[in-house]
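Trainee: Quick one: structure below, then a few questions.
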Amino acid sequence: MRPDARAWFHSRTTSAASLEAVDVDALLHAKRRAGARVSVVLPARDEQATVGALVADIAERWMRRTPLVDELLVVDSDSTDGTAEVARAAGADVVSTADVLPAHGTRPGKGEALWKSLAATSGDLVVFLDSDLRGDVAHFVPGLLGPLLTDASVHFVKGCYTRPLETDAGTDPTGGGRVTELTARPLLNALFPELAGFVQPLGGEYAGRRSVLERVPFAGAYGVEIGLLVDLLGLVGLGGLAQVDLGERRHTSQSQEALGAMAGQVAATVLARAGGLPPTAGGLLTQFRHDGEGFVPRSTAVALDERPPMLSVPEYRARRAGLAG
């Protein structure tokens with residue numbers, strides 16, 4: 001690891017691996033002193049099995065019992081199940097990606113949901129959580145908010161954790177994060193080595209100040225996390241970034257074929273930011289299945305597709321001006 005990345009890792013990595021490790025009273029005091037509003041955003045597509053419990057816990061624990069969160073929003077990305085209904089019943093506000101900034105159209109993927117969430121929320125601090133989280137994650141929200149509320153020089157916080165991989169053969173306690181280890185980490189170490197200290201660069205749990213999130217583009221689909229990391233490095237510098245150890249993260253594992261498509265999107269996003277890949281290049285990832293008689297090619301779109309900084313959208317600027325007024 002480069003000296004600057006090593007120094008950052010030791011100075012900007014904190015721990016909030018359990019609720020007991022978080023001083024909630026201190027966070028509430030800091031929030032009130034700063035006069036900050038907090039929005040929690042959950043992007044979701046066909047997550048009715050997990051989103052309800054997650055929403056209910058955040059709403060009860062961090063809105064009703066302890067007023068740490070002011071706004072809880074689920075952004076539904078064309079779900080075909082009861083995700084929206086379950087989330088709404090559990091206590092979240094719910095919007096569809098198609099209904100936010102409708103004049104700008106809608107696109108599939110997680111990046112679109114996160115980008116549009118900025119136009120549908122009002123918090124000064126925005127916390128993003130994946131909707132397929134399982135297990136005890138009550139400490140995730142205050143854990144991610146900690147560095148932002150207690151250190152004005154921190155602008156963006158990534159969660160890090162161990163990621164078990166559950167298979168038919170059992171559970172590998174640290175076997176998750178295969179795209180991180182095989183694609184994202186090698187690319188970052190080679191092209192953006194100052195970011196080598198991030199344990200989970202693709203992790204879906206992170207928080208940031210609206211004032212910086214609205215100034216960077218949002219890559220489409222699964223390129224969004226690594227795109228934000230690289231772009232915010234350029235905007236606020238390494239010292240403006242931090243990470244917090246949240247312990248363990250359990251979620252639904254994807255197939256090898258799905259992970260291949262994810263890796264393609266991650267690679268396209270990083271290479272474009274390194275100047276090594278035009279946005280229109282590498283548009284398709286071809287994978288192969290065997291149907292019992294021979295190999296059958298299957299192509300998936302992985303070309304870089306991103307939304308511009310939200311601050312460049314007139315409707316957004318008008319809404320922010322209205323809220324300020």
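Following the order of the structure tokens, chains are lettered A, B, ..., residues in each are numbered from 1, and ligands are numbered from 1.
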Extract, using only C-alpha atoms, all DNA, RNA and protein residues at most 8 Å from A:Val179, discarding same-chain residues fewer than 3 positions from it, and format them as JSON, numbers by chain.
Mentor: {"A": [182, 183, 184, 259, 260, 262, 263]}
Trainee: Name all residues at most 9 Å from A:Leu191 (count only C-alpha atoms; drop same-chain ones fewer than 5 positions away) and give them as a PDB file with all heavy atoms, in the first residue's frame.
Mentor:
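Written out: part_8.pdb:
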ATOM      1  N   PRO A 186      -8.166  -4.747  -7.727  1.00  0.00           N
ATOM      2  CA  PRO A 186      -7.011  -4.651  -8.641  1.00  0.00           C
ATOM      3  C   PRO A 186      -7.028  -3.382  -9.492  1.00  0.00           C
ATOM      4  O   PRO A 186      -5.974  -2.768  -9.706  1.00  0.00           O
ATOM      5  CB  PRO A 186      -7.151  -5.905  -9.508  1.00  0.00           C
ATOM      6  CG  PRO A 186      -7.911  -6.872  -8.661  1.00  0.00           C
ATOM      7  CD  PRO A 186      -8.868  -6.032  -7.880  1.00  0.00           C
ATOM      8  N   VAL A 270     -14.485   2.483 -13.936  1.00  0.00           N
ATOM      9  CA  VAL A 270     -13.143   2.856 -13.498  1.00  0.00           C
ATOM     10  C   VAL A 270     -12.271   3.249 -14.683  1.00  0.00           C
ATOM     11  O   VAL A 270     -11.563   4.260 -14.649  1.00  0.00           O
ATOM     12  CB  VAL A 270     -12.489   1.706 -12.714  1.00  0.00           C
ATOM     13  CG1 VAL A 270     -11.044   2.055 -12.350  1.00  0.00           C
ATOM     14  CG2 VAL A 270     -13.274   1.413 -11.450  1.00  0.00           C
ATOM     15  N   LEU A 271     -12.309   2.450 -15.740  1.00  0.00           N
ATOM     16  CA  LEU A 271     -11.449   2.728 -16.889  1.00  0.00           C
ATOM     17  C   LEU A 271     -11.802   4.063 -17.550  1.00  0.00           C
ATOM     18  O   LEU A 271     -10.925   4.797 -18.007  1.00  0.00           O
ATOM     19  CB  LEU A 271     -11.547   1.593 -17.894  1.00  0.00           C
ATOM     20  CG  LEU A 271     -10.932   0.260 -17.440  1.00  0.00           C
ATOM     21  CD1 LEU A 271     -11.218  -0.837 -18.449  1.00  0.00           C
ATOM     22  CD2 LEU A 271      -9.434   0.400 -17.211  1.00  0.00           C
ATOM     23  N   ALA A 274     -10.274   6.743 -15.553  1.00  0.00           N
ATOM     24  CA  ALA A 274      -8.817   6.762 -15.681  1.00  0.00           C
ATOM     25  C   ALA A 274      -8.378   7.223 -17.064  1.00  0.00           C
ATOM     26  O   ALA A 274      -7.182   7.302 -17.339  1.00  0.00           O
ATOM     27  CB  ALA A 274      -8.260   5.368 -15.406  1.00  0.00           C
TER      28      ALA A 274
END
Trainee: Return as a PyMOL selection string the full set of residues in stretch 58-92 of chain A whose backbone-based DSSP assignment is alpha helix (DSSP H).
Mentor: chain A and resi 58-59+83-90
Trainee: Pull N, CA and C atoms from the residues just selected and write them as a PDB file, in the first residue's frame.
Mentor:
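Wrote again18.pdb, looks like this:
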ATOM      1  N   ILE A  58     -35.558   0.927  11.140  1.00  0.00           N
ATOM      2  CA  ILE A  58     -35.044   2.298  11.060  1.00  0.00           C
ATOM      3  C   ILE A  58     -36.096   3.302  11.536  1.00  0.00           C
ATOM      4  N   ALA A  59     -37.337   3.103  11.080  1.00  0.00           N
ATOM      5  CA  ALA A  59     -38.406   4.031  11.449  1.00  0.00           C
ATOM      6  C   ALA A  59     -38.658   4.036  12.953  1.00  0.00           C
ATOM      7  N   THR A  83     -42.689  -4.857  -3.287  1.00  0.00           N
ATOM      8  CA  THR A  83     -41.694  -4.050  -2.584  1.00  0.00           C
ATOM      9  C   THR A  83     -42.262  -2.716  -2.113  1.00  0.00           C
ATOM     10  N   ALA A  84     -42.903  -1.970  -2.994  1.00  0.00           N
ATOM     11  CA  ALA A  84     -43.405  -0.643  -2.648  1.00  0.00           C
ATOM     12  C   ALA A  84     -44.450  -0.711  -1.536  1.00  0.00           C
ATOM     13  N   GLU A  85     -45.376  -1.649  -1.655  1.00  0.00           N
ATOM     14  CA  GLU A  85     -46.446  -1.773  -0.655  1.00  0.00           C
ATOM     15  C   GLU A  85     -45.880  -2.169   0.710  1.00  0.00           C
ATOM     16  N   VAL A  86     -44.950  -3.111   0.713  1.00  0.00           N
ATOM     17  CA  VAL A  86     -44.345  -3.557   1.972  1.00  0.00           C
ATOM     18  C   VAL A  86     -43.574  -2.420   2.633  1.00  0.00           C
ATOM     19  N   ALA A  87     -42.800  -1.691   1.854  1.00  0.00           N
ATOM     20  CA  ALA A  87     -42.006  -0.593   2.399  1.00  0.00           C
ATOM     21  C   ALA A  87     -42.895   0.506   2.956  1.00  0.00           C
ATOM     22  N   ARG A  88     -43.957   0.821   2.245  1.00  0.00           N
ATOM     23  CA  ARG A  88     -44.870   1.879   2.693  1.00  0.00           C
ATOM     24  C   ARG A  88     -45.572   1.467   3.990  1.00  0.00           C
ATOM     25  N   ALA A  89     -45.988   0.228   4.061  1.00  0.00           N
ATOM     26  CA  ALA A  89     -46.671  -0.259   5.259  1.00  0.00           C
ATOM     27  C   ALA A  89     -45.739  -0.276   6.464  1.00  0.00           C
ATOM     28  N   ALA A  90     -44.443  -0.442   6.210  1.00  0.00           N
ATOM     29  CA  ALA A  90     -43.468  -0.502   7.297  1.00  0.00           C
ATOM     30  C   ALA A  90     -43.060   0.876   7.800  1.00  0.00           C
TER      31      ALA A  90
END
Trainee: Within 12 Å of stretch 121-126 of chain A, counting only C-alpha atoms, which residues show up once you throw out same-chain ones fewer than 2 positions away? Write them as an MDAnalysis selection string, please.
Mentor: chainID A and resid 31 34:42 68:75 93:95 100 114:119 128:129 141:142 144:149 152 154:157 205:214 316 319:324
Trainee: Keeping only C-alpha atoms, take the residues you just selected and write them out as an mmCIF file, in the first residue's frame.
Mentor:
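Contents of result.cif, as written:
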data_model
loop_
_atom_site.group_PDB
_atom_site.id
_atom_site.type_symbol
_atom_site.label_atom_id
_atom_site.label_comp_id
_atom_site.auth_asym_id
_atom_site.auth_seq_id
_atom_site.Cartn_x
_atom_site.Cartn_y
_atom_site.Cartn_z
ATOM 1 C CA LYS A 31 -26.902 16.913 14.824
ATOM 2 C CA ALA A 34 -25.263 21.667 13.319
ATOM 3 C CA GLY A 35 -28.970 22.041 12.559
ATOM 4 C CA ALA A 36 -28.596 19.176 10.062
ATOM 5 C CA ARG A 37 -31.387 17.146 8.518
ATOM 6 C CA VAL A 38 -30.730 13.465 7.796
ATOM 7 C CA SER A 39 -32.270 11.441 4.980
ATOM 8 C CA VAL A 40 -31.954 7.650 4.699
ATOM 9 C CA VAL A 41 -32.391 6.207 1.198
ATOM 10 C CA LEU A 42 -32.984 2.561 0.282
ATOM 11 C CA LEU A 68 -31.652 10.910 14.413
ATOM 12 C CA VAL A 69 -33.332 10.462 10.997
ATOM 13 C CA ASP A 70 -35.743 13.026 9.559
ATOM 14 C CA GLU A 71 -36.650 11.324 6.291
ATOM 15 C CA LEU A 72 -36.797 7.657 5.213
ATOM 16 C CA LEU A 73 -37.245 7.015 1.509
ATOM 17 C CA VAL A 74 -37.445 3.814 -0.539
ATOM 18 C CA VAL A 75 -36.785 4.392 -4.242
ATOM 19 C CA ASP A 93 -42.047 7.137 2.000
ATOM 20 C CA VAL A 94 -41.898 5.405 -1.392
ATOM 21 C CA VAL A 95 -41.295 6.853 -4.837
ATOM 22 C CA VAL A 100 -38.965 11.576 -10.048
ATOM 23 C CA LEU A 114 -29.595 6.816 -6.095
ATOM 24 C CA TRP A 115 -29.266 9.802 -8.418
ATOM 25 C CA LYS A 116 -32.995 10.489 -8.373
ATOM 26 C CA SER A 117 -33.111 10.101 -4.595
ATOM 27 C CA LEU A 118 -31.248 13.404 -4.305
ATOM 28 C CA ALA A 119 -34.164 15.121 -6.052
ATOM 29 C CA PHE A 128 -27.639 5.024 1.523
ATOM 30 C CA LEU A 129 -28.397 1.415 2.480
ATOM 31 C CA VAL A 141 -27.252 4.318 10.286
ATOM 32 C CA PRO A 142 -25.618 5.934 13.341
ATOM 33 C CA LEU A 144 -22.218 5.903 9.047
ATOM 34 C CA LEU A 145 -23.382 9.265 10.370
ATOM 35 C CA GLY A 146 -20.743 9.402 13.109
ATOM 36 C CA PRO A 147 -17.785 10.753 11.103
ATOM 37 C CA LEU A 148 -19.980 13.283 9.263
ATOM 38 C CA LEU A 149 -21.538 14.672 12.424
ATOM 39 C CA ALA A 152 -16.533 18.808 9.532
ATOM 40 C CA VAL A 154 -15.249 14.483 6.416
ATOM 41 C CA HIS A 155 -17.581 14.671 3.427
ATOM 42 C CA PHE A 156 -18.178 11.028 2.495
ATOM 43 C CA VAL A 157 -18.127 7.815 4.550
ATOM 44 C CA GLU A 205 -23.765 1.298 2.688
ATOM 45 C CA TYR A 206 -22.364 4.825 2.753
ATOM 46 C CA ALA A 207 -23.258 8.407 3.629
ATOM 47 C CA GLY A 208 -22.324 11.835 2.388
ATOM 48 C CA ARG A 209 -23.004 15.524 2.551
ATOM 49 C CA ARG A 210 -25.531 16.677 -0.015
ATOM 50 C CA SER A 211 -23.221 19.565 -0.850
ATOM 51 C CA VAL A 212 -20.745 17.127 -2.434
ATOM 52 C CA LEU A 213 -23.112 14.411 -3.653
ATOM 53 C CA GLU A 214 -24.986 16.906 -5.792
ATOM 54 C CA TYR A 316 -33.414 20.320 -8.752
ATOM 55 C CA ARG A 319 -36.543 22.870 -5.636
ATOM 56 C CA ARG A 320 -33.485 23.519 -3.475
ATOM 57 C CA ALA A 321 -33.989 27.250 -3.817
ATOM 58 C CA GLY A 322 -37.605 26.830 -2.756
ATOM 59 C CA LEU A 323 -36.612 24.813 0.312
ATOM 60 C CA ALA A 324 -34.004 27.414 1.241
#
Trainee: Quick one: pull the distance between atom CA of A:Val302 and atom CA of A:Ala261, Å, one decimal.
Mentor: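 Atom CA of A:Ala261 lies 6.8 Å from atom CA of A:Val302.
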Trainee: What separation in Å, quoted to one decimal, exists between atom CA of A:Arg307 and atom CA of A:Ala219?
Mentor: 6.3 Å
Trainee: Take atom CA of A:Glu60 and atom CA of A:Ser79 and report the distance between them in Å, one decimal.
Mentor: 24.8 Å
Trainee: I need the residues in stretch 95-285 of chain A that are strand (DSSP E) according to DSSP; give them as number ranges by chain.
Mentor: A: 95-96, 125-128, 156-162, 165-167, 170-172, 206-209, 218-219, 241-248, 284-285
Trainee: A:Gly220: which residues within 12 Å, counting only C-alpha atoms, same-chain residues fewer than 6 positions away excluded, as an mmCIF file with N, CA and C atoms, in the first residue's frame?
Mentor:
data_model
loop_
_atom_site.group_PDB
_atom_site.id
_atom_site.type_symbol
_atom_site.label_atom_id
_atom_site.label_comp_id
_atom_site.auth_asym_id
_atom_site.auth_seq_id
_atom_site.Cartn_x
_atom_site.Cartn_y
_atom_site.Cartn_z
ATOM 1 N N THR A 106 -36.384 7.761 -17.508
ATOM 2 C CA THR A 106 -35.933 6.847 -16.473
ATOM 3 C C THR A 106 -35.095 5.747 -17.101
ATOM 4 N N ARG A 107 -34.172 5.235 -16.324
ATOM 5 C CA ARG A 107 -33.279 4.175 -16.775
ATOM 6 C C ARG A 107 -33.271 3.064 -15.740
ATOM 7 N N PRO A 108 -32.966 1.853 -16.148
ATOM 8 C CA PRO A 108 -32.899 0.769 -15.162
ATOM 9 C C PRO A 108 -31.627 0.864 -14.335
ATOM 10 N N GLY A 109 -31.643 0.264 -13.175
ATOM 11 C CA GLY A 109 -30.417 0.139 -12.408
ATOM 12 C C GLY A 109 -30.356 0.965 -11.145
ATOM 13 N N LYS A 110 -29.445 0.548 -10.282
ATOM 14 C CA LYS A 110 -29.273 1.158 -8.970
ATOM 15 C C LYS A 110 -28.797 2.604 -9.049
ATOM 16 N N GLY A 111 -27.883 2.895 -9.972
ATOM 17 C CA GLY A 111 -27.363 4.250 -10.085
ATOM 18 C C GLY A 111 -28.455 5.269 -10.320
ATOM 19 N N GLU A 112 -29.432 4.914 -11.136
ATOM 20 C CA GLU A 112 -30.558 5.809 -11.414
ATOM 21 C C GLU A 112 -31.349 6.090 -10.145
ATOM 22 N N ALA A 113 -31.601 5.045 -9.358
ATOM 23 C CA ALA A 113 -32.364 5.222 -8.123
ATOM 24 C C ALA A 113 -31.642 6.141 -7.144
ATOM 25 N N LEU A 114 -30.346 5.983 -7.021
ATOM 26 C CA LEU A 114 -29.595 6.816 -6.095
ATOM 27 C C LEU A 114 -29.532 8.256 -6.575
ATOM 28 N N TRP A 115 -29.316 8.448 -7.865
ATOM 29 C CA TRP A 115 -29.266 9.802 -8.418
ATOM 30 C C TRP A 115 -30.593 10.520 -8.195
ATOM 31 N N LYS A 116 -31.689 9.846 -8.519
ATOM 32 C CA LYS A 116 -32.995 10.489 -8.373
ATOM 33 C C LYS A 116 -33.378 10.698 -6.913
ATOM 34 N N ILE A 226 -18.351 2.701 -7.170
ATOM 35 C CA ILE A 226 -16.940 2.977 -7.453
ATOM 36 C C ILE A 226 -16.784 4.307 -8.190
ATOM 37 N N GLY A 227 -17.799 4.681 -8.974
ATOM 38 C CA GLY A 227 -17.764 5.984 -9.630
ATOM 39 C C GLY A 227 -17.798 7.113 -8.620
ATOM 40 N N LEU A 228 -18.670 7.005 -7.619
ATOM 41 C CA LEU A 228 -18.739 8.028 -6.575
ATOM 42 C C LEU A 228 -17.420 8.134 -5.829
ATOM 43 N N MET A 262 -21.824 -7.484 -13.372
ATOM 44 C CA MET A 262 -21.479 -6.430 -12.418
ATOM 45 C C MET A 262 -20.019 -6.017 -12.583
ATOM 46 N N GLN A 265 -19.531 -3.723 -15.543
ATOM 47 C CA GLN A 265 -19.953 -2.348 -15.302
ATOM 48 C C GLN A 265 -18.942 -1.602 -14.426
ATOM 49 N N VAL A 266 -18.410 -2.303 -13.428
ATOM 50 C CA VAL A 266 -17.402 -1.697 -12.560
ATOM 51 C C VAL A 266 -16.155 -1.344 -13.364
ATOM 52 N N ALA A 268 -15.846 -0.797 -16.614
ATOM 53 C CA ALA A 268 -16.110 0.303 -17.542
ATOM 54 C C ALA A 268 -16.091 1.643 -16.822
ATOM 55 N N THR A 269 -16.639 1.692 -15.611
ATOM 56 C CA THR A 269 -16.693 2.939 -14.847
ATOM 57 C C THR A 269 -15.298 3.408 -14.443
ATOM 58 N N PRO A 279 -16.548 6.531 -23.111
ATOM 59 C CA PRO A 279 -17.838 6.139 -22.551
ATOM 60 C C PRO A 279 -18.630 5.163 -23.415
ATOM 61 N N ALA A 301 -25.386 -5.562 -21.671
ATOM 62 C CA ALA A 301 -24.873 -4.197 -21.812
ATOM 63 C C ALA A 301 -24.116 -3.790 -20.551
ATOM 64 N N VAL A 302 -22.861 -3.356 -20.727
ATOM 65 C CA VAL A 302 -22.069 -2.883 -19.594
ATOM 66 C C VAL A 302 -21.426 -1.526 -19.890
ATOM 67 N N ALA A 303 -21.817 -0.904 -20.982
ATOM 68 C CA ALA A 303 -21.240 0.394 -21.339
ATOM 69 C C ALA A 303 -21.535 1.420 -20.249
ATOM 70 N N LEU A 304 -20.622 2.353 -20.068
ATOM 71 C CA LEU A 304 -20.802 3.389 -19.073
ATOM 72 C C LEU A 304 -22.036 4.223 -19.401
ATOM 73 N N ASP A 305 -22.925 4.329 -18.413
ATOM 74 C CA ASP A 305 -24.158 5.098 -18.566
ATOM 75 C C ASP A 305 -24.329 5.890 -17.287
ATOM 76 N N GLU A 306 -24.208 7.201 -17.348
ATOM 77 C CA GLU A 306 -24.272 7.944 -16.111
ATOM 78 C C GLU A 306 -25.098 9.215 -16.232
ATOM 79 N N ARG A 307 -25.577 9.650 -15.079
ATOM 80 C CA ARG A 307 -26.338 10.874 -14.979
ATOM 81 C C ARG A 307 -25.400 12.007 -14.575
ATOM 82 N N PRO A 308 -25.676 13.232 -15.013
ATOM 83 C CA PRO A 308 -24.806 14.363 -14.684
ATOM 84 C C PRO A 308 -24.962 14.762 -13.225
#
Trainee: Neighbours of A:Gly159 within 8 Å (only C-alpha atoms; same-chain residues fewer than 5 positions away dropped), as an NGL selection string?
Mentor: :A and (144 or 200 or 203-206 or 243-246)
Trainee: Store the residues picked out above, limited to C-alpha atoms, as a PDB file, in the first residue's frame.
Mentor:
ATOM      1  CA  LEU A 144     -22.218   5.903   9.047  1.00  0.00           C
ATOM      2  CA  GLN A 200     -15.261  -2.346   0.615  1.00  0.00           C
ATOM      3  CA  GLY A 203     -20.225  -1.660  -0.571  1.00  0.00           C
ATOM      4  CA  GLY A 204     -23.764  -0.330  -0.752  1.00  0.00           C
ATOM      5  CA  GLU A 205     -23.765   1.298   2.688  1.00  0.00           C
ATOM      6  CA  TYR A 206     -22.364   4.825   2.753  1.00  0.00           C
ATOM      7  CA  GLN A 243     -14.630   4.577   6.321  1.00  0.00           C
ATOM      8  CA  VAL A 244     -16.253   2.925   9.309  1.00  0.00           C
ATOM      9  CA  ASP A 245     -16.138  -0.738  10.287  1.00  0.00           C
ATOM     10  CA  LEU A 246     -19.735  -1.929  10.672  1.00  0.00           C
TER      11      LEU A 246
END
Trainee: Calculated over only C-alpha atoms, which of the candidates A:Gly292, A:Gly197, A:Gly52, A:Gly82 has the smallest distance to A:Asp132?
Mentor: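 Ranked by minimum distance to A:Asp132, first place goes to A:Gly52.
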Trainee: Write out as a tab-separated table a residue-level contact list of stretch 185-214 of chain A versus stretch 2-18 of chain A with cut-off 9 Å: for each qualifying residue the closest pair of atoms and the distance in Å to one decimal, counting only C-alpha atoms, rows sorted by chain and residue number upward.
Mentor:
residue	atom	partner	partner_atom	distance
A:Pro193	CA	A:Arg2	CA	6.9
A:Glu194	CA	A:Ala5	CA	4.9
A:Leu195	CA	A:Ala5	CA	6.3
A:Ala196	CA	A:Ala5	CA	6.0
A:Gly197	CA	A:Phe9	CA	5.2
A:Phe198	CA	A:Phe9	CA	7.4
Trainee: Mind dumping the selected residues with N, CA and C atoms as a PDB file, in the first residue's frame?
Mentor:
ATOM      1  N   PRO A 193      -4.279   4.374  -6.821  1.00  0.00           N
ATOM      2  CA  PRO A 193      -3.689   3.704  -5.661  1.00  0.00           C
ATOM      3  C   PRO A 193      -3.915   4.422  -4.339  1.00  0.00           C
ATOM      4  N   GLU A 194      -4.247   5.708  -4.370  1.00  0.00           N
ATOM      5  CA  GLU A 194      -4.537   6.405  -3.118  1.00  0.00           C
ATOM      6  C   GLU A 194      -5.807   5.871  -2.460  1.00  0.00           C
ATOM      7  N   LEU A 195      -6.651   5.146  -3.226  1.00  0.00           N
ATOM      8  CA  LEU A 195      -7.883   4.570  -2.682  1.00  0.00           C
ATOM      9  C   LEU A 195      -7.701   3.125  -2.219  1.00  0.00           C
ATOM     10  N   ALA A 196      -6.458   2.648  -2.175  1.00  0.00           N
ATOM     11  CA  ALA A 196      -6.207   1.245  -1.821  1.00  0.00           C
ATOM     12  C   ALA A 196      -6.592   0.903  -0.391  1.00  0.00           C
ATOM     13  N   GLY A 197      -6.778   1.904   0.468  1.00  0.00           N
ATOM     14  CA  GLY A 197      -7.135   1.647   1.851  1.00  0.00           C
ATOM     15  C   GLY A 197      -8.606   1.367   2.090  1.00  0.00           C
ATOM     16  N   PHE A 198      -9.442   1.478   1.053  1.00  0.00           N
ATOM     17  CA  PHE A 198     -10.871   1.189   1.227  1.00  0.00           C
ATOM     18  C   PHE A 198     -11.099  -0.319   1.220  1.00  0.00           C
TER      19      PHE A 198
END
Trainee: Any idea what's packed within 6 Å of A:Ser77, counting only C-alpha atoms, ignoring anything in its chain fewer than 2 positions away? Could you give it as a PDB file with N, CA and C atoms, in the first residue's frame?
Mentor:
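File produced: selection-v3.pdb:
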ATOM      1  N   ALA A  44     -34.418   0.005  -4.176  1.00  0.00           N
ATOM      2  CA  ALA A  44     -34.982  -1.345  -4.075  1.00  0.00           C
ATOM      3  C   ALA A  44     -35.571  -1.796  -5.403  1.00  0.00           C
ATOM      4  N   ARG A  45     -35.300  -3.038  -5.725  1.00  0.00           N
ATOM      5  CA  ARG A  45     -35.944  -3.692  -6.857  1.00  0.00           C
ATOM      6  C   ARG A  45     -36.254  -5.130  -6.447  1.00  0.00           C
ATOM      7  N   SER A  79     -40.013  -2.521  -9.560  1.00  0.00           N
ATOM      8  CA  SER A  79     -40.250  -3.820  -8.938  1.00  0.00           C
ATOM      9  C   SER A  79     -41.484  -4.489  -9.525  1.00  0.00           C
ATOM     10  N   THR A  97     -38.784   5.435  -9.498  1.00  0.00           N
ATOM     11  CA  THR A  97     -37.802   6.201 -10.267  1.00  0.00           C
ATOM     12  C   THR A  97     -38.463   6.932 -11.434  1.00  0.00           C
TER      13      THR A  97
END
